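Colleague: Contents are CSV, C-alpha atoms and all ligand atoms; file name start_27.csv:
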chain,number,residue,atom,x,y,z
A,1,MET,CA,54.8,-6.0,19.8
A,2,GLY,CA,54.2,-8.4,16.9
A,3,SER,CA,52.5,-11.8,17.1
A,4,LEU,CA,55.8,-13.4,15.8
A,5,ASP,CA,58.4,-11.5,17.8
A,6,ASP,CA,61.5,-13.6,18.4
A,7,LYS,CA,60.4,-16.2,15.9
A,8,SER,CA,62.3,-17.2,12.8
A,9,ALA,CA,60.6,-18.3,9.6
A,10,LEU,CA,61.5,-19.9,6.3
A,11,ILE,CA,59.1,-19.2,3.4
A,12,THR,CA,59.8,-21.1,0.2
A,13,GLY,CA,59.0,-19.4,-3.1
A,14,ALA,CA,58.9,-15.9,-1.5
A,15,SER,CA,60.3,-14.0,-4.5
A,16,ARG,CA,56.8,-12.9,-5.5
A,17,SER,CA,53.1,-13.3,-5.1
A,18,ILE,CA,51.7,-15.3,-2.1
A,19,GLY,CA,55.1,-16.3,-0.7
A,20,ARG,CA,56.2,-12.7,-0.8
A,21,GLY,CA,53.0,-11.6,0.9
A,22,ILE,CA,53.4,-14.1,3.7
A,23,ALA,CA,57.1,-13.2,4.1
A,24,GLU,CA,56.3,-9.5,4.4
A,25,GLY,CA,53.3,-10.2,6.7
A,26,PHE,CA,55.6,-12.3,9.0
A,27,GLY,CA,58.2,-9.6,8.9
A,28,ARG,CA,55.6,-7.0,10.0
A,29,GLU,CA,54.7,-9.3,12.9
A,30,GLY,CA,58.3,-9.3,14.1
A,31,ALA,CA,59.7,-12.6,12.7
A,32,ALA,CA,63.2,-12.9,11.1
A,33,VAL,CA,62.4,-14.2,7.7
A,34,ALA,CA,64.4,-16.4,5.3
A,35,VAL,CA,63.1,-15.7,1.8
A,36,ASN,CA,63.7,-18.7,-0.5
A,37,TYR,CA,63.7,-18.3,-4.2
A,38,HIS,CA,64.5,-20.4,-7.2
A,39,SER,CA,65.4,-18.1,-10.2
A,40,ASN,CA,64.1,-14.7,-9.3
A,41,GLU,CA,66.9,-13.3,-7.1
A,42,GLU,CA,65.8,-9.7,-7.8
A,43,GLY,CA,62.3,-10.4,-6.5
A,44,ALA,CA,63.7,-12.1,-3.4
A,45,GLU,CA,66.0,-9.1,-2.7
A,46,GLU,CA,62.9,-6.8,-3.1
A,47,THR,CA,61.1,-8.9,-0.5
A,48,VAL,CA,64.0,-8.7,1.9
A,49,GLU,CA,64.3,-4.9,1.3
A,50,THR,CA,60.6,-4.4,2.1
A,51,ILE,CA,60.9,-6.3,5.3
A,52,GLU,CA,64.1,-4.4,6.3
A,53,ASP,CA,62.7,-1.0,5.4
A,54,ALA,CA,59.8,-1.7,7.8
A,55,GLY,CA,62.4,-2.4,10.6
A,56,GLY,CA,62.4,-6.2,10.3
A,57,SER,CA,65.1,-8.7,9.6
A,58,ALA,CA,65.3,-10.9,6.5
A,59,THR,CA,67.7,-12.8,4.2
A,60,ALA,CA,67.3,-14.3,0.7
A,61,VAL,CA,68.4,-17.9,0.1
A,62,GLN,CA,68.4,-19.6,-3.3
A,63,ALA,CA,67.4,-23.2,-3.6
A,64,ASP,CA,65.3,-25.5,-5.9
A,65,VAL,CA,63.0,-27.1,-3.4
A,66,SER,CA,62.7,-30.2,-5.6
A,67,ASP,CA,66.4,-30.9,-5.2
A,68,GLU,CA,67.5,-32.9,-2.1
A,69,ASN,CA,71.0,-31.4,-1.7
A,70,GLU,CA,69.8,-27.8,-2.3
A,71,THR,CA,67.0,-28.1,0.3
A,72,LYS,CA,69.5,-29.6,2.8
A,73,GLU,CA,71.9,-26.6,2.2
A,74,LEU,CA,68.9,-24.2,2.3
A,75,VAL,CA,67.9,-25.4,5.8
A,76,GLU,CA,71.5,-25.5,7.1
A,77,THR,CA,72.1,-22.0,5.9
A,78,VAL,CA,68.9,-20.6,7.6
A,79,ILE,CA,69.6,-22.5,10.8
A,80,GLU,CA,73.2,-21.1,10.8
A,81,GLU,CA,71.9,-17.5,10.3
A,82,PHE,CA,68.9,-17.6,12.6
A,83,GLY,CA,69.9,-20.3,15.1
A,84,GLY,CA,66.8,-22.3,14.2
A,85,ILE,CA,63.5,-22.4,12.3
A,86,ASP,CA,60.3,-21.8,14.3
A,87,VAL,CA,57.9,-21.6,11.3
A,88,LEU,CA,58.2,-23.2,7.9
A,89,VAL,CA,55.9,-22.3,5.1
A,90,ASN,CA,56.0,-24.7,2.1
A,91,ASN,CA,54.7,-22.3,-0.5
A,92,ALA,CA,56.8,-22.8,-3.7
A,93,GLY,CA,54.7,-24.2,-6.5
A,94,VAL,CA,54.4,-24.4,-10.3
A,95,LEU,CA,51.3,-24.8,-12.5
A,96,GLU,CA,51.4,-25.8,-16.1
A,97,PRO,CA,47.9,-26.7,-17.5
A,98,SER,CA,47.6,-29.7,-19.8
A,99,THR,CA,45.0,-32.3,-20.5
A,100,LEU,CA,45.9,-35.7,-19.2
A,101,ALA,CA,45.8,-37.1,-22.7
A,102,GLU,CA,48.4,-34.6,-23.9
A,103,MET,CA,50.5,-34.4,-20.8
A,104,ASP,CA,54.1,-35.5,-21.2
A,105,VAL,CA,55.7,-37.4,-18.3
A,106,GLU,CA,58.2,-34.5,-17.6
A,107,THR,CA,55.3,-32.1,-17.0
A,108,TRP,CA,53.7,-34.5,-14.6
A,109,ASP,CA,57.0,-35.1,-12.8
A,110,ARG,CA,58.0,-31.4,-12.6
A,111,THR,CA,54.7,-30.5,-10.9
A,112,ILE,CA,54.8,-33.4,-8.4
A,113,SER,CA,58.5,-32.7,-7.8
A,114,VAL,CA,58.1,-29.0,-6.9
A,115,ASP,CA,54.5,-29.0,-5.4
A,116,LEU,CA,54.6,-32.2,-3.4
A,117,ARG,CA,58.2,-33.6,-3.2
A,118,GLY,CA,59.5,-30.1,-2.4
A,119,ALA,CA,57.3,-29.8,0.7
A,120,PHE,CA,58.5,-33.2,1.8
A,121,LEU,CA,62.2,-32.4,1.3
A,122,VAL,CA,62.2,-29.0,3.1
A,123,THR,CA,60.1,-30.4,5.9
A,124,ARG,CA,62.4,-33.5,6.2
A,125,PHE,CA,65.4,-31.2,7.0
A,126,VAL,CA,63.5,-28.8,9.2
A,127,ILE,CA,61.5,-31.2,11.4
A,128,ALA,CA,64.5,-32.6,13.4
A,129,GLY,CA,65.2,-29.2,14.9
A,130,MET,CA,61.6,-28.6,15.7
A,131,LEU,CA,61.3,-32.0,17.4
A,132,ASP,CA,64.5,-31.3,19.4
A,133,ARG,CA,62.9,-28.1,20.7
A,134,SER,CA,59.5,-29.7,21.1
A,135,GLU,CA,57.9,-26.8,19.2
A,136,GLY,CA,57.4,-25.5,15.7
A,137,ARG,CA,54.8,-24.7,13.1
A,138,ILE,CA,54.6,-26.0,9.5
A,139,ILE,CA,52.2,-24.4,7.1
A,140,ASN,CA,51.7,-26.1,3.7
A,141,ILE,CA,50.2,-24.1,0.9
A,142,ALA,CA,47.8,-26.5,-0.8
A,143,SER,CA,45.0,-25.3,-3.1
A,144,GLN,CA,41.2,-25.6,-3.4
A,145,LEU,CA,41.9,-27.7,-6.4
A,146,GLY,CA,43.4,-30.3,-4.1
A,147,ILE,CA,39.9,-30.7,-2.8
A,148,LYS,CA,37.6,-30.2,-5.8
A,149,GLY,CA,40.0,-31.0,-8.7
A,150,ALA,CA,40.1,-29.1,-12.0
A,151,GLU,CA,40.3,-30.0,-15.7
A,152,GLU,CA,43.7,-29.7,-17.3
A,153,LEU,CA,45.2,-29.8,-13.8
A,154,THR,CA,45.3,-33.5,-12.8
A,155,HIS,CA,48.9,-33.3,-11.9
A,156,TYR,CA,48.5,-30.1,-9.8
A,157,SER,CA,45.3,-31.3,-8.2
A,158,ALA,CA,47.0,-34.6,-7.3
A,159,ALA,CA,50.0,-32.7,-5.8
A,160,LYS,CA,47.8,-30.4,-3.8
A,161,GLY,CA,45.5,-33.2,-2.6
A,162,GLY,CA,48.7,-35.0,-1.6
A,163,ILE,CA,49.7,-31.9,0.4
A,164,ILE,CA,46.5,-32.0,2.3
A,165,ALA,CA,46.9,-35.7,3.2
A,166,PHE,CA,50.6,-35.1,4.0
A,167,THR,CA,49.6,-32.3,6.4
A,168,ARG,CA,47.1,-34.6,8.2
A,169,ALA,CA,49.5,-37.5,8.4
A,170,LEU,CA,52.4,-35.4,9.6
A,171,ALA,CA,50.3,-33.5,12.1
A,172,ARG,CA,49.4,-36.8,13.8
A,173,GLU,CA,53.0,-38.0,13.6
A,174,VAL,CA,54.6,-35.0,15.3
A,175,ALA,CA,51.9,-33.9,17.7
A,176,PRO,CA,51.9,-32.5,20.3
A,177,ASP,CA,55.3,-31.0,19.7
A,178,VAL,CA,54.9,-29.6,16.2
A,179,GLN,CA,51.7,-28.2,14.6
A,180,VAL,CA,51.2,-28.8,10.9
A,181,ASN,CA,48.4,-27.1,9.0
A,182,ALA,CA,47.6,-26.3,5.4
A,183,ILE,CA,46.1,-23.3,3.6
A,184,ALA,CA,44.1,-24.1,0.5
A,185,PRO,CA,43.5,-20.7,-1.3
A,186,GLY,CA,41.1,-20.3,-4.1
A,187,PRO,CA,42.0,-18.4,-7.3
A,188,ILE,CA,44.3,-15.6,-6.2
A,189,GLU,CA,45.6,-12.8,-8.5
A,190,THR,CA,49.3,-13.7,-9.0
A,191,ASP,CA,51.8,-14.6,-11.7
A,192,LEU,CA,50.6,-18.2,-11.5
A,193,LEU,CA,47.4,-17.2,-13.3
A,194,ASP,CA,49.4,-15.5,-16.2
A,195,ASP,CA,48.7,-18.2,-18.7
A,196,THR,CA,44.9,-18.4,-18.1
A,197,THR,CA,42.5,-17.0,-20.6
A,198,GLU,CA,39.9,-14.2,-20.1
A,199,GLU,CA,37.3,-16.9,-20.6
A,200,TRP,CA,38.8,-19.0,-17.8
A,201,ARG,CA,38.7,-15.9,-15.5
A,202,GLU,CA,35.1,-15.1,-16.3
A,203,ASN,CA,34.1,-18.8,-15.8
A,204,LYS,CA,36.1,-18.9,-12.5
A,205,LYS,CA,34.4,-15.7,-11.2
A,206,ALA,CA,31.0,-17.2,-12.0
A,207,GLU,CA,31.9,-20.5,-10.2
A,208,VAL,CA,33.2,-18.8,-7.0
A,209,PRO,CA,30.3,-17.9,-4.6
A,210,LEU,CA,32.0,-14.6,-3.7
A,211,SER,CA,32.1,-13.9,-7.5
A,212,ARG,CA,35.7,-12.7,-7.8
A,213,ILE,CA,39.3,-13.7,-7.8
A,214,GLY,CA,41.0,-13.1,-4.5
A,215,THR,CA,44.2,-11.1,-3.6
A,216,VAL,CA,47.4,-12.1,-1.8
A,217,ASP,CA,46.4,-9.8,1.1
A,218,GLU,CA,43.4,-12.1,1.6
A,219,VAL,CA,45.6,-15.2,2.1
A,220,VAL,CA,48.3,-13.6,4.4
A,221,PRO,CA,46.2,-13.3,7.6
A,222,THR,CA,45.5,-17.0,7.6
A,223,ALA,CA,49.2,-17.7,7.5
A,224,VAL,CA,49.8,-15.2,10.3
A,225,LEU,CA,47.0,-16.8,12.4
A,226,LEU,CA,48.5,-20.3,12.0
A,227,ALA,CA,52.0,-19.2,12.8
A,228,GLY,CA,51.2,-17.3,15.9
A,229,HIS,CA,49.2,-17.7,19.2
A,230,GLY,CA,46.0,-17.5,17.3
A,231,GLY,CA,46.9,-20.9,15.9
A,232,ASP,CA,47.7,-22.6,19.2
A,233,TYR,CA,44.8,-25.1,19.0
A,234,TYR,CA,45.1,-25.9,15.3
A,235,THR,CA,46.8,-29.0,13.8
A,236,GLY,CA,46.1,-31.1,10.8
A,237,GLN,CA,43.6,-28.5,9.5
A,238,THR,CA,43.1,-27.1,6.0
A,239,LEU,CA,41.9,-23.5,6.1
A,240,SER,CA,40.5,-22.0,2.9
A,241,PRO,CA,40.6,-18.4,1.9
A,242,ASP,CA,38.9,-19.3,-1.3
A,243,GLY,CA,35.7,-17.2,-1.7
A,244,GLY,CA,33.7,-20.4,-1.0
A,245,ASP,CA,35.1,-22.2,-4.1
A,246,ALA,CA,35.6,-25.5,-2.2
A,247,MET,CA,33.3,-25.9,0.8
A,248,HIS,CA,34.6,-28.8,2.8
B,301,LIG,P1,53.8,-17.7,-8.4
B,301,LIG,O1,53.4,-16.3,-8.5
B,301,LIG,O2,54.0,-18.4,-9.6
B,301,LIG,O3,55.1,-17.8,-7.5
B,301,LIG,C1,55.7,-19.1,-7.3
B,301,LIG,C2,56.8,-19.0,-6.4
B,301,LIG,O4,57.4,-20.3,-6.2
B,301,LIG,C3,58.0,-18.1,-6.9
B,301,LIG,O5,58.5,-17.4,-5.8
B,301,LIG,C4,59.0,-19.1,-7.4
B,301,LIG,O6,60.3,-18.7,-7.3
B,301,LIG,C5,58.8,-20.3,-6.5
B,301,LIG,N1,59.2,-21.5,-7.1
B,301,LIG,C6,58.8,-22.2,-8.2
B,301,LIG,N2,59.5,-23.3,-8.4
B,301,LIG,C7,60.4,-23.4,-7.4
B,301,LIG,C8,61.4,-24.3,-7.0
B,301,LIG,N3,61.6,-25.4,-7.8
B,301,LIG,N4,62.1,-24.1,-5.9
B,301,LIG,C9,61.9,-23.0,-5.1
B,301,LIG,N5,61.0,-22.0,-5.4
B,301,LIG,C10,60.2,-22.2,-6.5
B,301,LIG,O7,52.7,-18.5,-7.5
B,301,LIG,P2,51.6,-18.1,-6.4
B,301,LIG,O8,50.4,-17.9,-7.1
B,301,LIG,O9,52.2,-17.1,-5.5
B,301,LIG,O10,51.5,-19.5,-5.7
B,301,LIG,C11,52.1,-19.8,-4.4
B,301,LIG,C12,51.6,-21.1,-3.9
B,301,LIG,O11,50.2,-20.9,-3.7
B,301,LIG,C13,51.8,-22.3,-4.8
B,301,LIG,O12,52.0,-23.4,-4.0
B,301,LIG,C14,50.4,-22.4,-5.5
B,301,LIG,O13,50.2,-23.7,-6.0
B,301,LIG,C15,49.5,-22.0,-4.4
B,301,LIG,N6,48.2,-21.5,-4.8
B,301,LIG,C16,48.1,-20.5,-5.7
B,301,LIG,C17,46.8,-20.1,-6.1
B,301,LIG,C18,46.6,-18.9,-7.1
B,301,LIG,O14,45.5,-18.8,-7.6
B,301,LIG,N7,47.6,-18.1,-7.3
B,301,LIG,C19,45.7,-20.8,-5.7
B,301,LIG,C20,45.8,-21.8,-4.8
B,301,LIG,C21,47.1,-22.2,-4.4
B,301,LIG,P3,61.1,-17.9,-8.5
B,301,LIG,O15,60.3,-16.7,-8.8
B,301,LIG,O16,62.4,-17.6,-7.9
B,301,LIG,O17,61.3,-18.8,-9.6
Show me this structure written as structure tokens.
Modeller:
Amino acid sequence: MGSLDDKSALITGASRSIGRGIAEGFGREGAAVAVNYHSNEEGAEETVETIEDAGGSATAVQADVSDENETKELVETVIEEFGGIDVLVNNAGVLEPSTLAEMDVETWDRTISVDLRGAFLVTRFVIAGMLDRSEGRIINIASQLGIKGAEELTHYSAAKGGIIAFTRALAREVAPDVQVNAIAPGPIETDLLDDTTEEWRENKKAEVPLSRIGTVDEVVPTAVLLAGHGGDYYTGQTLSPDGGDAMH
């Protein structure tokens, strides 16, 4: 018996890293999982394979979450395959550091489009079914930087702060039928940190009270909690597996 038996879930950006970890974690808990990806089909298929090898059920679906038509098709495809979506995890995100003075408008727009507009678009198409059934869970992956901000990441911090506010506003709007929460991880060892320097990593470790960068496995249990019965009395909250980086 898993905590997500008979549930179906859509995880955006699940071809690698945190999204993959959540997809596999949900699969282990018994959910049928739709693994969304943008460009990394191989990675998405590996996520599906891992879930299926463990006896679960999963399917990979390509879509750019910042595109209205693609997100509509994504949601329609998953509903057709699974009969509905019980849990949505808006995880897809990009991070391209730049000072504000040097930031071109395209970089700003790309970050906001994927990290904030993407969550709006996918949720926009998923929410009707949840409201019809008077139940559903939405988990938005924010970041501790949406709370504390960071240099060279004004666009990312704005998008993630927006995700936290979006979570609270939507949680009020769709309660008590649908529960909407956010997870704001701290620095987590994934491909997203590929472009950071050794100096950045050392400074980061010194800044985080638990003195280290976290792992994907340290984020997944929070998502499992919010998706299952353990999350029954949570809505509008932002939970932070972040080593104490942003105490709020
Ligand atoms: P990652 O390793 O870079 O993976 C990003 C995922 O997002 C990939 O699966 C990628 O798909 C997908 N993606 C990117 N653009 C997309 C688009 N337009 N449409 C659909 N999917 C798209 O990142 P991560 O570290 O796992 O981060 C996952 C989430 O956690 C992000 O929202 C990030 O902001 C947040 N977060 C991360 C950290 C951290 O330190 N790592 C900390 C706090 C919050 P493809 O591979 O198919 O392109």
Colleague: One decimal, in Å: what's the spacing between atom CA of Glu41 of chain A and atom C13 of ligand LIG 301 (chain B)?
Modeller: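 Separation of atom CA of Glu41 of chain A and atom C13 of ligand LIG 301 (chain B): 17.7 Å.
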Colleague: Give me, as a tab-separated table, the closest atom pair and its distance (Å, one decimal) for every residue of chain A within a cut-off of 6 Å of ligand LIG 301 (chain B), counting all atoms listed in the file, rows sorted by chain and rising number.
Modeller:
residue	atom	partner	partner_atom	distance
A:Thr12	CA	B:LIG301	N5	5.8
A:Gly13	CA	B:LIG301	O5	3.4
A:Ala14	CA	B:LIG301	O5	4.6
A:Ser15	CA	B:LIG301	O5	4.1
A:Arg16	CA	B:LIG301	O5	4.8
A:Ser17	CA	B:LIG301	O9	3.9
A:Ile18	CA	B:LIG301	O9	3.9
A:Gly19	CA	B:LIG301	O9	5.7
A:Tyr37	CA	B:LIG301	O16	4.0
A:His38	CA	B:LIG301	O16	3.6
A:Ser39	CA	B:LIG301	O16	3.8
A:Asn40	CA	B:LIG301	O16	3.6
A:Ala63	CA	B:LIG301	C9	5.7
A:Asp64	CA	B:LIG301	N4	3.5
A:Val65	CA	B:LIG301	N4	4.0
A:Ser66	CA	B:LIG301	N3	5.4
A:Asn91	CA	B:LIG301	O12	4.6
A:Ala92	CA	B:LIG301	O4	3.6
A:Gly93	CA	B:LIG301	O12	3.8
A:Val94	CA	B:LIG301	C6	5.3
A:Val114	CA	B:LIG301	N3	5.1
A:Ile141	CA	B:LIG301	O12	5.3
A:Ala142	CA	B:LIG301	C21	5.7
A:Ser143	CA	B:LIG301	C21	4.0
A:Pro185	CA	B:LIG301	C20	4.3
A:Gly186	CA	B:LIG301	C19	4.9
A:Pro187	CA	B:LIG301	O14	3.5
A:Ile188	CA	B:LIG301	O14	3.7
A:Glu189	CA	B:LIG301	N7	5.8
A:Thr190	CA	B:LIG301	O8	4.7
A:Asp191	CA	B:LIG301	O1	4.0
A:Leu192	CA	B:LIG301	O2	3.9
Colleague: Please produce a file of the residues just selected, as a PDB file, in the frame of the given file, where the atoms kept are C-alpha atoms.
Modeller:
ATOM      1  CA  THR A  12      59.800 -21.100   0.200  1.00  0.00           C
ATOM      2  CA  GLY A  13      59.000 -19.400  -3.100  1.00  0.00           C
ATOM      3  CA  ALA A  14      58.900 -15.900  -1.500  1.00  0.00           C
ATOM      4  CA  SER A  15      60.300 -14.000  -4.500  1.00  0.00           C
ATOM      5  CA  ARG A  16      56.800 -12.900  -5.500  1.00  0.00           C
ATOM      6  CA  SER A  17      53.100 -13.300  -5.100  1.00  0.00           C
ATOM      7  CA  ILE A  18      51.700 -15.300  -2.100  1.00  0.00           C
ATOM      8  CA  GLY A  19      55.100 -16.300  -0.700  1.00  0.00           C
ATOM      9  CA  TYR A  37      63.700 -18.300  -4.200  1.00  0.00           C
ATOM     10  CA  HIS A  38      64.500 -20.400  -7.200  1.00  0.00           C
ATOM     11  CA  SER A  39      65.400 -18.100 -10.200  1.00  0.00           C
ATOM     12  CA  ASN A  40      64.100 -14.700  -9.300  1.00  0.00           C
ATOM     13  CA  ALA A  63      67.400 -23.200  -3.600  1.00  0.00           C
ATOM     14  CA  ASP A  64      65.300 -25.500  -5.900  1.00  0.00           C
ATOM     15  CA  VAL A  65      63.000 -27.100  -3.400  1.00  0.00           C
ATOM     16  CA  SER A  66      62.700 -30.200  -5.600  1.00  0.00           C
ATOM     17  CA  ASN A  91      54.700 -22.300  -0.500  1.00  0.00           C
ATOM     18  CA  ALA A  92      56.800 -22.800  -3.700  1.00  0.00           C
ATOM     19  CA  GLY A  93      54.700 -24.200  -6.500  1.00  0.00           C
ATOM     20  CA  VAL A  94      54.400 -24.400 -10.300  1.00  0.00           C
ATOM     21  CA  VAL A 114      58.100 -29.000  -6.900  1.00  0.00           C
ATOM     22  CA  ILE A 141      50.200 -24.100   0.900  1.00  0.00           C
ATOM     23  CA  ALA A 142      47.800 -26.500  -0.800  1.00  0.00           C
ATOM     24  CA  SER A 143      45.000 -25.300  -3.100  1.00  0.00           C
ATOM     25  CA  PRO A 185      43.500 -20.700  -1.300  1.00  0.00           C
ATOM     26  CA  GLY A 186      41.100 -20.300  -4.100  1.00  0.00           C
ATOM     27  CA  PRO A 187      42.000 -18.400  -7.300  1.00  0.00           C
ATOM     28  CA  ILE A 188      44.300 -15.600  -6.200  1.00  0.00           C
ATOM     29  CA  GLU A 189      45.600 -12.800  -8.500  1.00  0.00           C
ATOM     30  CA  THR A 190      49.300 -13.700  -9.000  1.00  0.00           C
ATOM     31  CA  ASP A 191      51.800 -14.600 -11.700  1.00  0.00           C
ATOM     32  CA  LEU A 192      50.600 -18.200 -11.500  1.00  0.00           C
TER      33      LEU A 192
END
Colleague: Let me make sure I understand: among A:Asp177, A:Gly149, A:His155, A:Trp200, which one has the smallest atom-to-atom distance to Ala246 of chain A if we use only C-alpha atoms?
Modeller: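 Nearest candidate to Ala246 of chain A out of A:Asp177, A:Gly149, A:His155, A:Trp200: A:Gly149.
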Colleague: Of the residues A:Asp242, A:Glu106, A:Glu45, A:Glu68, which is the one nearest to Leu145 of chain A, using all atoms listed in the file?
Modeller: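 Looking at the shortest contact to Leu145 of chain A, the residue is A:Asp242.
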Colleague: May I ask which of the residues A:Gly228, A:Gly129, A:Gly136, A:Pro97 is the closest one to Val178 of chain A, counting all atoms listed in the file?
Modeller: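 Counting all atoms listed in the file, the residue closest to Val178 of chain A is A:Gly136.
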Colleague: Which one is closest to Gly2 of chain A: A:Met247, A:Leu193, A:Val224, A:Leu210? Count all atoms listed in the file.
Modeller: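 Distance minimum relative to Gly2 of chain A lands on A:Val224.
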Colleague: If you measure from atom CA of Gly27 of chain A to atom CA of Ala227 of chain A, what distance in Å do you get, rounded to one decimal?
Modeller: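 Those two atoms sit 12.1 Å apart.
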Colleague: Skip Ala171 of chain A itself and residues of its chain fewer than 4 positions away, then list as a list in words all residues within 6 Å of it, counting only C-alpha atoms.
Modeller: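 Listed by chain and then number, they are Thr167, Ala175, Val180, Thr235 and Gly236 of chain A.
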Colleague: Can you tell me how far atom CA of Gly244 of chain A sits from atom CA of Ala165 of chain A, in Å to one decimal?
Modeller: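 Taking atom CA of Gly244 of chain A as the start and atom CA of Ala165 of chain A as the end point, the length is 20.6 Å.
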Colleague: So, with all atoms listed in the file as the atoms that count, which of A:Gly243, A:Ile127, A:Ile112, A:Val87 lies closest to Arg212 of chain A?
Modeller: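 Answer, going by the shortest atom-to-atom distance: A:Gly243.
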Colleague: If the box runs along x, y and z of the file and leaves 6 Å on each side of segment 83-97 of chain A, what are its centre and edge lengths in Å, one decimal, as lines of an AutoDock Vina configuration file?
Modeller:
center_x = 58.9
center_y = -23.5
center_z = -1.2
size_x = 34.0
size_y = 18.4
size_z = 44.6
Colleague: Which residue gives the smallest distance to Thr111 of chain A among A:Glu52, A:Glu96, A:Glu80, A:Asp194, with all atoms listed in the file counted?
Modeller: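 Nearest to Thr111 of chain A: A:Glu96.
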Colleague: Would you kindly return, as a VMD selection string, each protein, DNA or RNA residue with an atom no farther than 9 Å from any atom of Asp232 of chain A, considering all atoms listed in the file and excluding same-chain residues fewer than 6 positions away?
Modeller: chain A and resid 179 225 to 226
Colleague: For segment 110-124 of chain A, supply N, CA, C and O atoms and report the output as a PDB file, in the frame of the given file.
Modeller:
ATOM      1  N   ARG A 110      57.522 -32.762 -13.074  1.00  0.00           N
ATOM      2  CA  ARG A 110      58.000 -31.400 -12.600  1.00  0.00           C
ATOM      3  C   ARG A 110      56.977 -30.897 -11.554  1.00  0.00           C
ATOM      4  O   ARG A 110      57.369 -30.380 -10.517  1.00  0.00           O
ATOM      5  N   THR A 111      55.696 -31.039 -11.850  1.00  0.00           N
ATOM      6  CA  THR A 111      54.700 -30.500 -10.900  1.00  0.00           C
ATOM      7  C   THR A 111      54.725 -31.268  -9.589  1.00  0.00           C
ATOM      8  O   THR A 111      54.720 -30.645  -8.519  1.00  0.00           O
ATOM      9  N   ILE A 112      54.774 -32.590  -9.663  1.00  0.00           N
ATOM     10  CA  ILE A 112      54.800 -33.400  -8.400  1.00  0.00           C
ATOM     11  C   ILE A 112      56.113 -33.074  -7.659  1.00  0.00           C
ATOM     12  O   ILE A 112      56.124 -32.963  -6.432  1.00  0.00           O
ATOM     13  N   SER A 113      57.217 -32.908  -8.396  1.00  0.00           N
ATOM     14  CA  SER A 113      58.500 -32.700  -7.800  1.00  0.00           C
ATOM     15  C   SER A 113      58.555 -31.364  -6.979  1.00  0.00           C
ATOM     16  O   SER A 113      59.077 -31.309  -5.877  1.00  0.00           O
ATOM     17  N   VAL A 114      58.016 -30.303  -7.560  1.00  0.00           N
ATOM     18  CA  VAL A 114      58.100 -29.000  -6.900  1.00  0.00           C
ATOM     19  C   VAL A 114      56.933 -28.935  -5.841  1.00  0.00           C
ATOM     20  O   VAL A 114      57.158 -28.614  -4.666  1.00  0.00           O
ATOM     21  N   ASP A 115      55.709 -29.265  -6.251  1.00  0.00           N
ATOM     22  CA  ASP A 115      54.500 -29.000  -5.400  1.00  0.00           C
ATOM     23  C   ASP A 115      54.334 -29.984  -4.275  1.00  0.00           C
ATOM     24  O   ASP A 115      53.730 -29.638  -3.264  1.00  0.00           O
ATOM     25  N   LEU A 116      54.844 -31.203  -4.433  1.00  0.00           N
ATOM     26  CA  LEU A 116      54.600 -32.200  -3.400  1.00  0.00           C
ATOM     27  C   LEU A 116      55.970 -32.667  -2.776  1.00  0.00           C
ATOM     28  O   LEU A 116      56.189 -32.548  -1.569  1.00  0.00           O
ATOM     29  N   ARG A 117      56.874 -33.151  -3.646  1.00  0.00           N
ATOM     30  CA  ARG A 117      58.200 -33.600  -3.200  1.00  0.00           C
ATOM     31  C   ARG A 117      58.924 -32.470  -2.475  1.00  0.00           C
ATOM     32  O   ARG A 117      59.617 -32.667  -1.471  1.00  0.00           O
ATOM     33  N   GLY A 118      58.792 -31.250  -3.013  1.00  0.00           N
ATOM     34  CA  GLY A 118      59.500 -30.100  -2.400  1.00  0.00           C
ATOM     35  C   GLY A 118      59.078 -29.875  -0.989  1.00  0.00           C
ATOM     36  O   GLY A 118      59.925 -29.613  -0.128  1.00  0.00           O
ATOM     37  N   ALA A 119      57.786 -29.981  -0.711  1.00  0.00           N
ATOM     38  CA  ALA A 119      57.300 -29.800   0.700  1.00  0.00           C
ATOM     39  C   ALA A 119      57.883 -30.893   1.570  1.00  0.00           C
ATOM     40  O   ALA A 119      58.310 -30.645   2.704  1.00  0.00           O
ATOM     41  N   PHE A 120      57.896 -32.128   1.052  1.00  0.00           N
ATOM     42  CA  PHE A 120      58.500 -33.200   1.800  1.00  0.00           C
ATOM     43  C   PHE A 120      59.952 -32.949   2.131  1.00  0.00           C
ATOM     44  O   PHE A 120      60.394 -33.060   3.278  1.00  0.00           O
ATOM     45  N   LEU A 121      60.722 -32.560   1.101  1.00  0.00           N
ATOM     46  CA  LEU A 121      62.200 -32.400   1.300  1.00  0.00           C
ATOM     47  C   LEU A 121      62.491 -31.303   2.313  1.00  0.00           C
ATOM     48  O   LEU A 121      63.279 -31.529   3.234  1.00  0.00           O
ATOM     49  N   VAL A 122      61.879 -30.138   2.146  1.00  0.00           N
ATOM     50  CA  VAL A 122      62.200 -29.000   3.100  1.00  0.00           C
ATOM     51  C   VAL A 122      61.784 -29.428   4.490  1.00  0.00           C
ATOM     52  O   VAL A 122      62.531 -29.249   5.455  1.00  0.00           O
ATOM     53  N   THR A 123      60.594 -30.002   4.603  1.00  0.00           N
ATOM     54  CA  THR A 123      60.100 -30.400   5.900  1.00  0.00           C
ATOM     55  C   THR A 123      61.037 -31.465   6.542  1.00  0.00           C
ATOM     56  O   THR A 123      61.331 -31.430   7.738  1.00  0.00           O
ATOM     57  N   ARG A 124      61.506 -32.383   5.703  1.00  0.00           N
ATOM     58  CA  ARG A 124      62.400 -33.500   6.200  1.00  0.00           C
ATOM     59  C   ARG A 124      63.623 -32.906   6.881  1.00  0.00           C
ATOM     60  O   ARG A 124      64.074 -33.463   7.873  1.00  0.00           O
TER      61      ARG A 124
END
